[in-house]
Each structure stands twice: as structure tokens, then as C-alpha cells.
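Let me begin by presenting the structure, written as C-alpha cells, before commenting on it.
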Amino acid sequence: MRVGVIGAGYVGLTSAVCLAERGHHTVCVDVDEARVRQLSSGVATIDEPDLPELLERGLRTDTLRFTTSYRALADRDVVFVCVSTPSMPDGSADLRAVDAAVGELATVLRAGAVVAVKSTVPVGTTRRLADRLRPNGIHVVSSPEFLRESHAIGDFRHPDRILIGSDDDTGEGGPADLVASLYPPGRVLKMSPESAELAKYASNAFLAVKISYTNSLAELCARVGADITDVTRCMGADMRIGAHFLQAGPGWGGSCLPKDTAALLHTGREYGVALPEVQSARTTNAAQAVRIADAVGRTIGTPTTEARVAALGLTFKAGTSDVRDSPSLTVCGELIARGAQLTAYDPRLAAIDGEMLRAAAIVGVDDPYLATKGADAIVVLTEWPQFCELDWARIAEQAPGAVVVDTRNLLDAAMLRELGLTYLGNGTGGGF
Ligand code: NAD
Ligand code: UGA
């Protein structure tokens, strides 16, 4: 199949290299010239396991190419739209990139081609785009993406569901089947475009609700002397609840959960449905940085204005260099606003967007021992497994009596206490 992908970000690039791996001749279009140049020279632009190898193979076998020219899509059978849909100030999804991409497609695509919208878009968008392209004989279906950053290639290769929203499908072999056939084998769910669009937002919002509930329970655990890891161990053993997304942390972040919960609430407001569960999840999430900074302030024994704080982890989760909407940055920002002198270490510091760190006034250092030297408090913000392997005896020597606030419950509490450090877990005994 001749396939096109618009947008070479997390979703577009992953889809492009994986579609090429499946043998489809794939052309990926992006407006970012530097990104296209870098990818064309075989250098990956994002941090994802297996991506560099697939990129190299696609380019070498001529099944994959990158360009800034939409004209390269003229002969495509199917084109996936994977451009960004960030938040507008009122929480709604900014659809300018999607509309720009579809505007270009209207001028180049041949009649009979199918456009599959992978970008996360609000209810009604696919139908609107379908109306726009119908006069050109082009079909539009919704095909929301569920991959996770840091597992993107694996998630594409082994999808737990393939969602296709389409109702201009007259039966077998129509646009929905054509799009589904491009993916690796998986459970295909077909429904209306409206249901598919809403199912994507509903899934992300449910994950956010689950984590916020866990974080609220963690706060209660610390007050009543219970342990959140035991509480969620029990909850997760119930198949109806499921064991995933029950890890207490500094709040959920990343490029999607925050913007998608905001966009879902915006849609709710448009249609007069309040969705209080989603609103609550956002409120709980926004409170986490204050809860963590309060725990630091309560325990260090010096005013926060005179405190030296080391932050371990800046990315929004482990396994990525992505700091977009990272809760780590929010917590660092809260501590800096309270007057703390903060230095931060992250294993992927070199790959992190320096502009974002400067904007947040965060000083990054590329050595964990330098970052923690002389610290009154060490705040663990990202669940990098490397933090467990640090030489904590050396850290305890360089920062005697420091308070370790482990927002991810990652470290060995008993070992740290033995070293003379004060350990505070998130919702665990003696914690916050
Ligand atoms: P991204 O910001 O990483 O990449 C978007 C790419 O689109 C950029 O390279 C940008 O230059 C390009 N672009 C913007 N406008 C363009 C245009 N008019 N023509 C061509 N290229 C254009 O975004 P992302 O994280 O890949 O997310 C893309 C969409 O997929 C969003 O709607 C997001 O909500 C959704 N999504 C993301 C993930 C994820 O894990 N990141 C997972 C599922 C769904
Ligand atoms: C999320 C969804 O998991 C994907 O299915 C979806 O496709 C994607 O958003 C999207 O639409 O973009 P991702 O943003 O990569 O994927 O991140 P997650 O793994 O979901 O983590 C989100 C946040 O929740 C992170 O800050 C993470 O640290 C936090 N988290 C996650 C917890 O605090 N506790 C948990 O138990 C799980």
C-alpha cells in the first residue's frame, strides 16, 4: 500500500517507521524543515526504544522517506494525520494544524484516497473534515492513537485495540477496513466517528481519574498510618479495577493527559454536561506540587527560603526525554517560588529541551552527586530505575541528614534511614 503520514512527532514518526516496517511504502510530511532534514539523514528526533533501527532500515530499503512537500502525497492510498492538537487558553483543542493539513490534502490527494485522523480531536471534527473532502471524492475516518511514550514502537506493533470511527462504510472492504488492514493484527473496534473521538478522550481521562484517586488515597494513607502500596496492591488484584495506573506520584503530566482532560471538559461545557469526576481529577492533580513542597518545608528544619533542594528527575515519566507538561517541572517551580535554591538532575538531561528548563528557571546539572551535594532535601520526581542504583552512602555523606521526599515510592526506605537520611514516602508509613 502507498501510505502517507502527516506530522513526524511521537505519533507520526512512530507510525511512519512501523508502517514502513510492515512493508508499506511510506512518505512522511512535516512542516519542520530541520526535523525532516535530520530524519532524512537517519537520525531519530525522539527518544524511543527500537526507533533508530526502524528508521535506518526504512531509509535503507527505500520504504520510508521524509519531506516538507505535500505534493509527495498525490498518489497515496491512505494518509494518516498525526499533527499536534495542543490546548487553547479555554481548554479546547487547537485544531489549526489539523485544518491546515487537511486544507493541503484537499489540493493534492486523488479521488478515492482515505484520510485517517490519528490526532486526538474533539467530537464532530472527523465529520466536519469528511464534509470538507467529500466533494474531492476523499473519505475521512477517525483512527485515534493509544500509544504511550517510551513504549511507542511496542504499542504500535502490539495494539490492545485498533479503533476506527467511520460511517461512510458500505460494508466489507470500505475505508474502515482499508485503514484497519494497515495495522498489525489486533482487536479492531468499529464505531461512529463521534464514538471513536469520544472514546479516545474518555480513555485518557479515565487514566487521569485513576491516578488522581490514587494520589488522594496516598495523602489519606499518610494521615491514618496506612500504606498506599498495600492499598493499591489489594485494589489492583481485583480484575474489575486492574493493577495499572495505581502508582502514587507527583501528579500526571505529559503532552496528552492534561490537554485531553481540559478538552473533554470543554466539550462537556459546550453540551451542558459537567463531568465532575474529570474536573476533580484535575483539581487533585493541581494540588500535588503544593502537597510535595509542604512536605519538604515541614521536614527540613530550615525555612524553605534558605533550603538547598536537589530534584531527581525532570521528565514527565521514566524512559523519555519529554518534559512537556512534566509534573517534575511544576514541583520544581513551586519550590523555587518558595525561595529554595534548587538544582536538578535527570539521566536524559542532555536530550531535554533546554528552553523549557530556562523558562522554568531550573538549573540542571549532569551529575547526580553534584546535584545532591549539601542538599537539605532530595526530591525524587521521576521513576528512573537508575536512582535506585545511585551510591546512596556517598550521597548521605555529602548531604548528611538530608530529607529524601520520594514522590514515586521508588527507593529503599530502610536502607536510606540506616544511612541517617530522613525518608518520606508518598502515602507510606512516616511519609507525606
Ligand atoms: P508532536 O508535537 O510530537 O508532533 C507533531 C508534528 O506535527 C510536529 O513534528 C510538527 O512539526 C508537525 N506539524 C504541525 N503542523 C503540521 C502541518 N500543518 N503539516 C505537517 N506537519 C505538521 O505531537 P504528538 O505527540 O505526535 O501528537 C500528535 C497528536 O497525536 C496529538 O493530537 C496528540 O494528542 C495525539 N497523541 C499523542 C500521543 C503521544 O504519546 N505523544 C499518543 C496518542 C495520541
Ligand atoms: C498517555 C496514555 O497512557 C496513552 O494511552 C495515550 O495514547 C497517550 O497518553 C496520549 O494520548 O498521548 P503518555 O502520555 O505517554 O500516554 O503517558 P502515561 O504513561 O499515560 O503517563 C502519564 C502520566 O501519568 C505520567 O506523568 C506518569 O508518570 C503518570 N502516572 C502514570 C502516574 O503518576 N501513576 C501511574 O500509575 C501511571
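Ordering of the C-alpha cells sets the chain letters (A, B, ...), residue numbers begin anew at 1 in every chain, and ligands are numbered from 1 in the order given.
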
Can you pull out the residues contacting Ala93 (chain A)? Cut-off 9 Å, using only C-alpha atoms, and skip same-chain residues under 6 positions away; I want them as a PyMOL selection string. chain A and resi 85-87+120-122+259-260+262-263+266

Could those residues be written to a file, using N, CA and C atoms, as a PDB file, in the first residue's frame?
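Writing the result to result_36.pdb gives the following:
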```
ATOM      1  N   THR A  85      -2.371  18.736  18.528  1.00  0.00           N
ATOM      2  CA  THR A  85      -3.647  19.392  18.846  1.00  0.00           C
ATOM      3  C   THR A  85      -3.553  19.944  20.276  1.00  0.00           C
ATOM      4  N   PRO A  86      -2.708  20.954  20.488  1.00  0.00           N
ATOM      5  CA  PRO A  86      -2.476  21.431  21.860  1.00  0.00           C
ATOM      6  C   PRO A  86      -3.690  22.164  22.435  1.00  0.00           C
ATOM      7  N   SER A  87      -3.557  22.558  23.701  1.00  0.00           N
ATOM      8  CA  SER A  87      -4.665  23.250  24.391  1.00  0.00           C
ATOM      9  C   SER A  87      -4.717  24.714  24.010  1.00  0.00           C
ATOM     10  N   THR A 120      -5.604  13.491  18.239  1.00  0.00           N
ATOM     11  CA  THR A 120      -6.733  13.460  19.169  1.00  0.00           C
ATOM     12  C   THR A 120      -7.578  14.717  18.941  1.00  0.00           C
ATOM     13  N   VAL A 121      -8.799  14.507  18.453  1.00  0.00           N
ATOM     14  CA  VAL A 121      -9.631  15.667  18.072  1.00  0.00           C
ATOM     15  C   VAL A 121     -11.016  15.564  18.704  1.00  0.00           C
ATOM     16  N   PRO A 122     -11.636  16.708  19.005  1.00  0.00           N
ATOM     17  CA  PRO A 122     -12.937  16.678  19.668  1.00  0.00           C
ATOM     18  C   PRO A 122     -14.054  16.120  18.783  1.00  0.00           C
ATOM     19  N   LYS A 259      -3.896  18.017  28.525  1.00  0.00           N
ATOM     20  CA  LYS A 259      -4.650  18.731  27.486  1.00  0.00           C
ATOM     21  C   LYS A 259      -5.946  17.994  27.138  1.00  0.00           C
ATOM     22  N   ASP A 260      -5.922  16.672  27.207  1.00  0.00           N
ATOM     23  CA  ASP A 260      -7.120  15.929  26.815  1.00  0.00           C
ATOM     24  C   ASP A 260      -8.219  16.014  27.876  1.00  0.00           C
ATOM     25  N   ALA A 262      -8.629  18.641  29.725  1.00  0.00           N
ATOM     26  CA  ALA A 262      -9.145  20.013  29.548  1.00  0.00           C
ATOM     27  C   ALA A 262     -10.094  20.065  28.356  1.00  0.00           C
ATOM     28  N   ALA A 263      -9.723  19.389  27.270  1.00  0.00           N
ATOM     29  CA  ALA A 263     -10.573  19.427  26.069  1.00  0.00           C
ATOM     30  C   ALA A 263     -11.888  18.682  26.298  1.00  0.00           C
ATOM     31  N   HIS A 266     -14.111  20.880  28.158  1.00  0.00           N
ATOM     32  CA  HIS A 266     -14.601  21.937  27.261  1.00  0.00           C
ATOM     33  C   HIS A 266     -15.779  21.420  26.434  1.00  0.00           C
TER      34      HIS A 266
END
```

Can you pull out every residue with an atom within 8 Å of ligand 2? Use only C-alpha atoms and all ligand atoms and format it as a PyMOL selection string. chain A and resi 120+145-151+200-201+203-204+207-208+210-211+244-257+260+316-318+326-327+382-383+408

My list of candidates is A:Pro144, A:Gly333, A:Gly354, A:Gly186. Which is closest to ligand 1 when distances are computed with only C-alpha atoms and all ligand atoms?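 Closest to ligand 1, using only C-alpha atoms and all ligand atoms: A:Pro144.
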
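Of the residues listed (A:Ser92, A:Val323, A:Asp238, A:Ala310), A:Ser92 shows the shortest atom-to-atom separation from Leu264 (chain A); distances use only C-alpha atoms.
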
Among A:Glu21, A:Glu397, A:Asp230, A:Glu33, ligand 1 is approached most closely, using only C-alpha atoms and all ligand atoms, by A:Glu33

Would you list the contacts of Leu410 (chain A) as a list in words, taking every protein, DNA or RNA residue within 9 Å and counting only C-alpha atoms, but skipping same-chain residues closer than 5 positions in sequence?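 Result of the neighbour search: Val380, Glu383, Trp384, Pro385, Phe387, Cys388 and Gly425 of chain A.
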
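Residues surrounding region 271-281 of chain A within 8 Å are A:Ala205, A:Phe206, A:Ala208, A:Val209, A:Ser212, A:Tyr213, A:Thr261, A:Leu265 [only C-alpha atoms; sequence separation below 5 positions excluded].
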
Counting only C-alpha atoms and all ligand atoms, the residue among A:Met191, A:Ile6, A:Ala371, A:Ala202 that lies closest to ligand 1 is A:Ile6

Please provide as a PDB file with N, CA and C atoms, in the first residue's frame all residues within 12 Å of Glu418 (chain A), with the sequence filter that same-chain residues fewer than 5 positions apart are discarded (counting only C-alpha atoms).
```
ATOM      1  N   TRP A 392      24.030   5.658  47.462  1.00  0.00           N
ATOM      2  CA  TRP A 392      23.335   6.466  48.473  1.00  0.00           C
ATOM      3  C   TRP A 392      24.204   6.713  49.702  1.00  0.00           C
ATOM      4  N   ALA A 393      25.181   5.824  49.956  1.00  0.00           N
ATOM      5  CA  ALA A 393      26.102   6.062  51.082  1.00  0.00           C
ATOM      6  C   ALA A 393      26.902   7.331  50.799  1.00  0.00           C
ATOM      7  N   ALA A 396      24.624  10.283  51.243  1.00  0.00           N
ATOM      8  CA  ALA A 396      24.366  10.547  52.669  1.00  0.00           C
ATOM      9  C   ALA A 396      25.573  11.237  53.316  1.00  0.00           C
ATOM     10  N   GLY A 401      22.067  13.887  56.884  1.00  0.00           N
ATOM     11  CA  GLY A 401      20.761  14.166  57.491  1.00  0.00           C
ATOM     12  C   GLY A 401      19.731  14.718  56.539  1.00  0.00           C
ATOM     13  N   ASP A 412      14.672   2.442  48.507  1.00  0.00           N
ATOM     14  CA  ASP A 412      14.620   1.525  49.642  1.00  0.00           C
ATOM     15  C   ASP A 412      14.648   2.349  50.941  1.00  0.00           C
ATOM     16  N   ALA A 413      13.469   2.499  51.530  1.00  0.00           N
ATOM     17  CA  ALA A 413      13.328   3.386  52.698  1.00  0.00           C
ATOM     18  C   ALA A 413      14.246   2.951  53.846  1.00  0.00           C
ATOM     19  N   TYR A 423      13.640   9.637  55.451  1.00  0.00           N
ATOM     20  CA  TYR A 423      12.925   9.216  54.231  1.00  0.00           C
ATOM     21  C   TYR A 423      11.429   9.463  54.370  1.00  0.00           C
TER      22      TYR A 423
END
```

Where does DSSP see helix (DSSP H, G or I) in region 93-305 of chain A, if you list the residues as a PyMOL selection string? chain A and resi 96-108+125-136+152-157+175-182+193-224+228-236+257-270+276-299+304-305

Counting only C-alpha atoms and all ligand atoms, which residue out of A:Ala100, A:Val3, A:Met356, A:Ala44 sits closest to ligand 1?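 With only C-alpha atoms and all ligand atoms as the atom set, the closest residue is A:Ala100.
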
Would you please work out which residue, of A:Pro258, A:Gly137, A:Gly225, A:Pro52, is nearest to ligand 1 when using only C-alpha atoms and all ligand atoms?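 That would be A:Pro258, the residue with the smallest distance to ligand 1.
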
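Atom pair atom 1 (P, counted along the ligand's line) of ligand 1 / CA of Val5 (chain A): separated by 12.7 Å.
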